[in-house]
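All remarks here apply to the structure that follows.
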Amino acid sequence: MASSNSVNLEDVQSVDLMTELLRRMKCSSKPDKHLILIGPPGSGKGTQSPIIKDEYCLCHLATGDMLRAAVAAKTPLGVKAKEAMEKGALVSDDLVVGIIDEALKKPSCQKGFILDGFPRTVAQAEKLDEMLSKRGTKIDKVLNFAIDDSILEERITGRWIHPSSGRTYHTKFAPPKNPGIDDVTGEPLIQRKDDTAAVLKSRLDSFHKQTEPVIDYYTKHGLVANLHAEKPPKEVTVEVEKVLSS
């Protein structure tokens, strides 16, 4: 019997059904992939992730989004996570791994996943490996978006946005016609509070301190592929394709 929140397929447009059916048929011949993306803010993970997701028919698991969704849906794990958040405590590693485990049951995760933002510590990596082992699977590859901090500073501190449209500019790579002014509306551009050298330095210090041991952990398992993330996005995409097809 269908659950109350399930979609009635009779109400779905035929073209949408056929598109999804063709997508699934194409995906059935793809190899399974279980990937972790590691990289500092501005390293290009957000650009490459949708490309990898579509090419290999994977689900994208961003743990922050998943936690919020579990809390909103009031799942048993979401209720426990909310209790921890309301006490001001960190959500336990076991809870986060449990939420990932739940997500992997979805049809969209049948061919595998991209994990983004997790694991952040060696303890989390070990718990993730343990959970995947129980499911009879394991991490296939860890893509490390390696990039020099000075390049990130140039990328991020040069970003300006037009608030109402979301249009983005960069003082060096994609400057507006007139400095500080949106090309379309003539309205002023703003810089996000996070896009400053001081905030970036703090985020990068935290990133390196947290994730270098995780990269070392997966390097010992022979799973890390170091990408040249300072290259233009299309070149990084080619690099990713080579790594994932080998």
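Here's how to read the names in the structure tokens: chain A, B, ... by the order shown, residue numbers from 1 in each chain, ligand numbers from 1 in the order shown.
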Hey, what does DSSP flag as alpha helix (DSSP H) within segment 91-216 of chain A? Can you give it to me as a PyMOL selection string? chain A and resi 93-103+122-134+149-157+197-216
Residues of segment 7-229 of chain A classed as strand (DSSP E or B) by DSSP on the backbone are to be reported as a PyMOL selection string. chain A and resi 33-38+59-62+112-116+141-146+159-161+168-170+174+181+188+190+224-228
Find the residues near segment 144-156 of chain A: any atom within 7 Å, counting only C-alpha atoms, skip ones fewer than 4 places away on the same chain, and give them as an mmCIF file with all heavy atoms, in the first residue's frame.
```cif
data_model
loop_
_atom_site.group_PDB
_atom_site.id
_atom_site.type_symbol
_atom_site.label_atom_id
_atom_site.label_comp_id
_atom_site.auth_asym_id
_atom_site.auth_seq_id
_atom_site.Cartn_x
_atom_site.Cartn_y
_atom_site.Cartn_z
ATOM 1 N N LEU A 37 34.370 13.890 -1.243
ATOM 2 C CA LEU A 37 35.007 15.110 -1.762
ATOM 3 C C LEU A 37 35.546 15.910 -0.591
ATOM 4 O O LEU A 37 34.810 16.204 0.354
ATOM 5 C CB LEU A 37 33.995 15.958 -2.538
ATOM 6 C CG LEU A 37 33.848 15.704 -4.048
ATOM 7 C CD1 LEU A 37 33.619 14.240 -4.342
ATOM 8 C CD2 LEU A 37 32.739 16.547 -4.627
ATOM 9 N N ILE A 38 36.842 16.223 -0.642
ATOM 10 C CA ILE A 38 37.466 17.026 0.412
ATOM 11 C C ILE A 38 38.126 18.235 -0.242
ATOM 12 O O ILE A 38 38.811 18.098 -1.259
ATOM 13 C CB ILE A 38 38.529 16.207 1.183
ATOM 14 C CG1 ILE A 38 37.867 15.066 1.972
ATOM 15 C CG2 ILE A 38 39.316 17.109 2.134
ATOM 16 C CD1 ILE A 38 38.838 14.189 2.748
ATOM 17 N N GLY A 39 37.899 19.392 0.331
ATOM 18 C CA GLY A 39 38.525 20.596 -0.207
ATOM 19 C C GLY A 39 38.085 21.810 0.577
ATOM 20 O O GLY A 39 36.971 21.853 1.096
ATOM 21 N N GLY A 42 35.915 27.397 -1.682
ATOM 22 C CA GLY A 42 36.436 28.047 -2.880
ATOM 23 C C GLY A 42 37.306 27.159 -3.753
ATOM 24 O O GLY A 42 37.837 27.606 -4.764
ATOM 25 N N SER A 43 37.428 25.867 -3.384
ATOM 26 C CA SER A 43 38.328 24.978 -4.143
ATOM 27 C C SER A 43 37.665 24.377 -5.379
ATOM 28 O O SER A 43 38.332 23.720 -6.183
ATOM 29 C CB SER A 43 38.848 23.853 -3.241
ATOM 30 O OG SER A 43 37.776 23.066 -2.746
ATOM 31 N N ASP A 195 33.347 36.543 2.789
ATOM 32 C CA ASP A 195 34.330 36.647 1.699
ATOM 33 C C ASP A 195 35.406 37.688 1.983
ATOM 34 O O ASP A 195 35.753 38.508 1.130
ATOM 35 C CB ASP A 195 33.616 36.970 0.376
ATOM 36 C CG ASP A 195 32.816 35.798 -0.151
ATOM 37 O OD1 ASP A 195 32.929 34.695 0.421
ATOM 38 O OD2 ASP A 195 32.068 35.976 -1.128
ATOM 39 N N ALA A 197 39.437 38.362 3.844
ATOM 40 C CA ALA A 197 40.688 37.647 4.117
ATOM 41 C C ALA A 197 40.717 37.102 5.551
ATOM 42 O O ALA A 197 41.162 35.975 5.793
ATOM 43 C CB ALA A 197 41.873 38.571 3.868
ATOM 44 N N VAL A 224 43.206 8.137 -1.944
ATOM 45 C CA VAL A 224 43.191 9.584 -2.217
ATOM 46 C C VAL A 224 43.729 9.904 -3.612
ATOM 47 O O VAL A 224 44.789 9.412 -4.015
ATOM 48 C CB VAL A 224 44.002 10.359 -1.155
ATOM 49 C CG1 VAL A 224 44.092 11.844 -1.505
ATOM 50 C CG2 VAL A 224 43.354 10.190 0.221
ATOM 51 N N ALA A 225 42.968 10.712 -4.348
ATOM 52 C CA ALA A 225 43.429 11.271 -5.617
ATOM 53 C C ALA A 225 43.545 12.778 -5.435
ATOM 54 O O ALA A 225 42.552 13.443 -5.127
ATOM 55 C CB ALA A 225 42.441 10.950 -6.733
ATOM 56 N N ASN A 226 44.756 13.303 -5.571
ATOM 57 C CA ASN A 226 44.976 14.737 -5.396
ATOM 58 C C ASN A 226 44.739 15.463 -6.723
ATOM 59 O O ASN A 226 45.431 15.201 -7.715
ATOM 60 C CB ASN A 226 46.404 15.001 -4.908
ATOM 61 C CG ASN A 226 46.609 14.503 -3.488
ATOM 62 O OD1 ASN A 226 45.839 14.846 -2.586
ATOM 63 N ND2 ASN A 226 47.617 13.682 -3.276
ATOM 64 N N LEU A 227 43.735 16.337 -6.725
ATOM 65 C CA LEU A 227 43.396 17.097 -7.928
ATOM 66 C C LEU A 227 44.094 18.455 -7.895
ATOM 67 O O LEU A 227 44.293 19.031 -6.824
ATOM 68 C CB LEU A 227 41.884 17.307 -8.005
ATOM 69 C CG LEU A 227 41.031 16.041 -7.970
ATOM 70 C CD1 LEU A 227 39.555 16.421 -7.859
ATOM 71 C CD2 LEU A 227 41.268 15.172 -9.190
ATOM 72 N N HIS A 228 44.439 18.983 -9.079
ATOM 73 C CA HIS A 228 45.044 20.316 -9.171
ATOM 74 C C HIS A 228 43.908 21.340 -9.260
ATOM 75 O O HIS A 228 43.544 21.794 -10.342
ATOM 76 C CB HIS A 228 45.962 20.394 -10.386
ATOM 77 C CG HIS A 228 47.111 19.439 -10.310
ATOM 78 N ND1 HIS A 228 47.039 18.148 -10.782
ATOM 79 C CD2 HIS A 228 48.350 19.587 -9.780
ATOM 80 C CE1 HIS A 228 48.186 17.535 -10.567
ATOM 81 N NE2 HIS A 228 49.003 18.383 -9.955
ATOM 82 N N ALA A 229 43.364 21.682 -8.092
ATOM 83 C CA ALA A 229 42.135 22.490 -8.056
ATOM 84 C C ALA A 229 42.353 23.950 -8.430
ATOM 85 O O ALA A 229 41.390 24.701 -8.573
ATOM 86 C CB ALA A 229 41.481 22.391 -6.674
ATOM 87 N N GLU A 230 43.619 24.338 -8.622
ATOM 88 C CA GLU A 230 43.866 25.732 -9.045
ATOM 89 C C GLU A 230 43.624 25.909 -10.537
ATOM 90 O O GLU A 230 43.540 27.027 -11.041
ATOM 91 C CB GLU A 230 45.303 26.148 -8.678
ATOM 92 C CG GLU A 230 46.394 25.634 -9.599
ATOM 93 C CD GLU A 230 46.745 24.151 -9.396
ATOM 94 O OE1 GLU A 230 46.225 23.556 -8.433
ATOM 95 O OE2 GLU A 230 47.537 23.619 -10.188
#
```
Please list as a PyMOL selection string every residue within 8 Å of His34 of chain A, counting only C-alpha atoms and excluding residues in the same chain fewer than 3 positions away. chain A and resi 112-114+138-141
How about saving the chosen residues, C-alpha atoms kept, as a short mmCIF file (atom, residue, chain, number, x, y, z; two decimals), in the first residue's frame?
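The new file selection.cif reads:
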```cif
data_model
loop_
_atom_site.label_atom_id
_atom_site.label_comp_id
_atom_site.auth_asym_id
_atom_site.auth_seq_id
_atom_site.Cartn_x
_atom_site.Cartn_y
_atom_site.Cartn_z
CA GLY A 112 26.42 5.13 -5.02
CA PHE A 113 27.02 8.54 -3.48
CA ILE A 114 29.13 11.66 -3.18
CA LYS A 138 33.26 0.71 0.95
CA ILE A 139 34.66 4.08 -0.14
CA ASP A 140 36.11 3.79 -3.66
CA LYS A 141 37.89 7.12 -3.97
#
```
Interatomic distance (Å, one decimal) between atom CA of Lys30 of chain A and atom CA of Tyr56 of chain A: 6.2 Å
So that I can check the surroundings of Ala70 of chain A, please list as a list in words every protein, DNA and RNA residue that reaches within 12 Å of it, counting only C-alpha atoms and ignoring chain neighbours fewer than 5 positions away.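 Skipping anything fewer than 5 positions along the chain leaves Thr63, Gly64, Asp65, Thr75, Pro76, Leu77, Gly78, Val79, Lys80, Ala81, Lys82, Leu95, Val96, Gly98, Ile99, Ile100, Glu102 and Ala103 of chain A.
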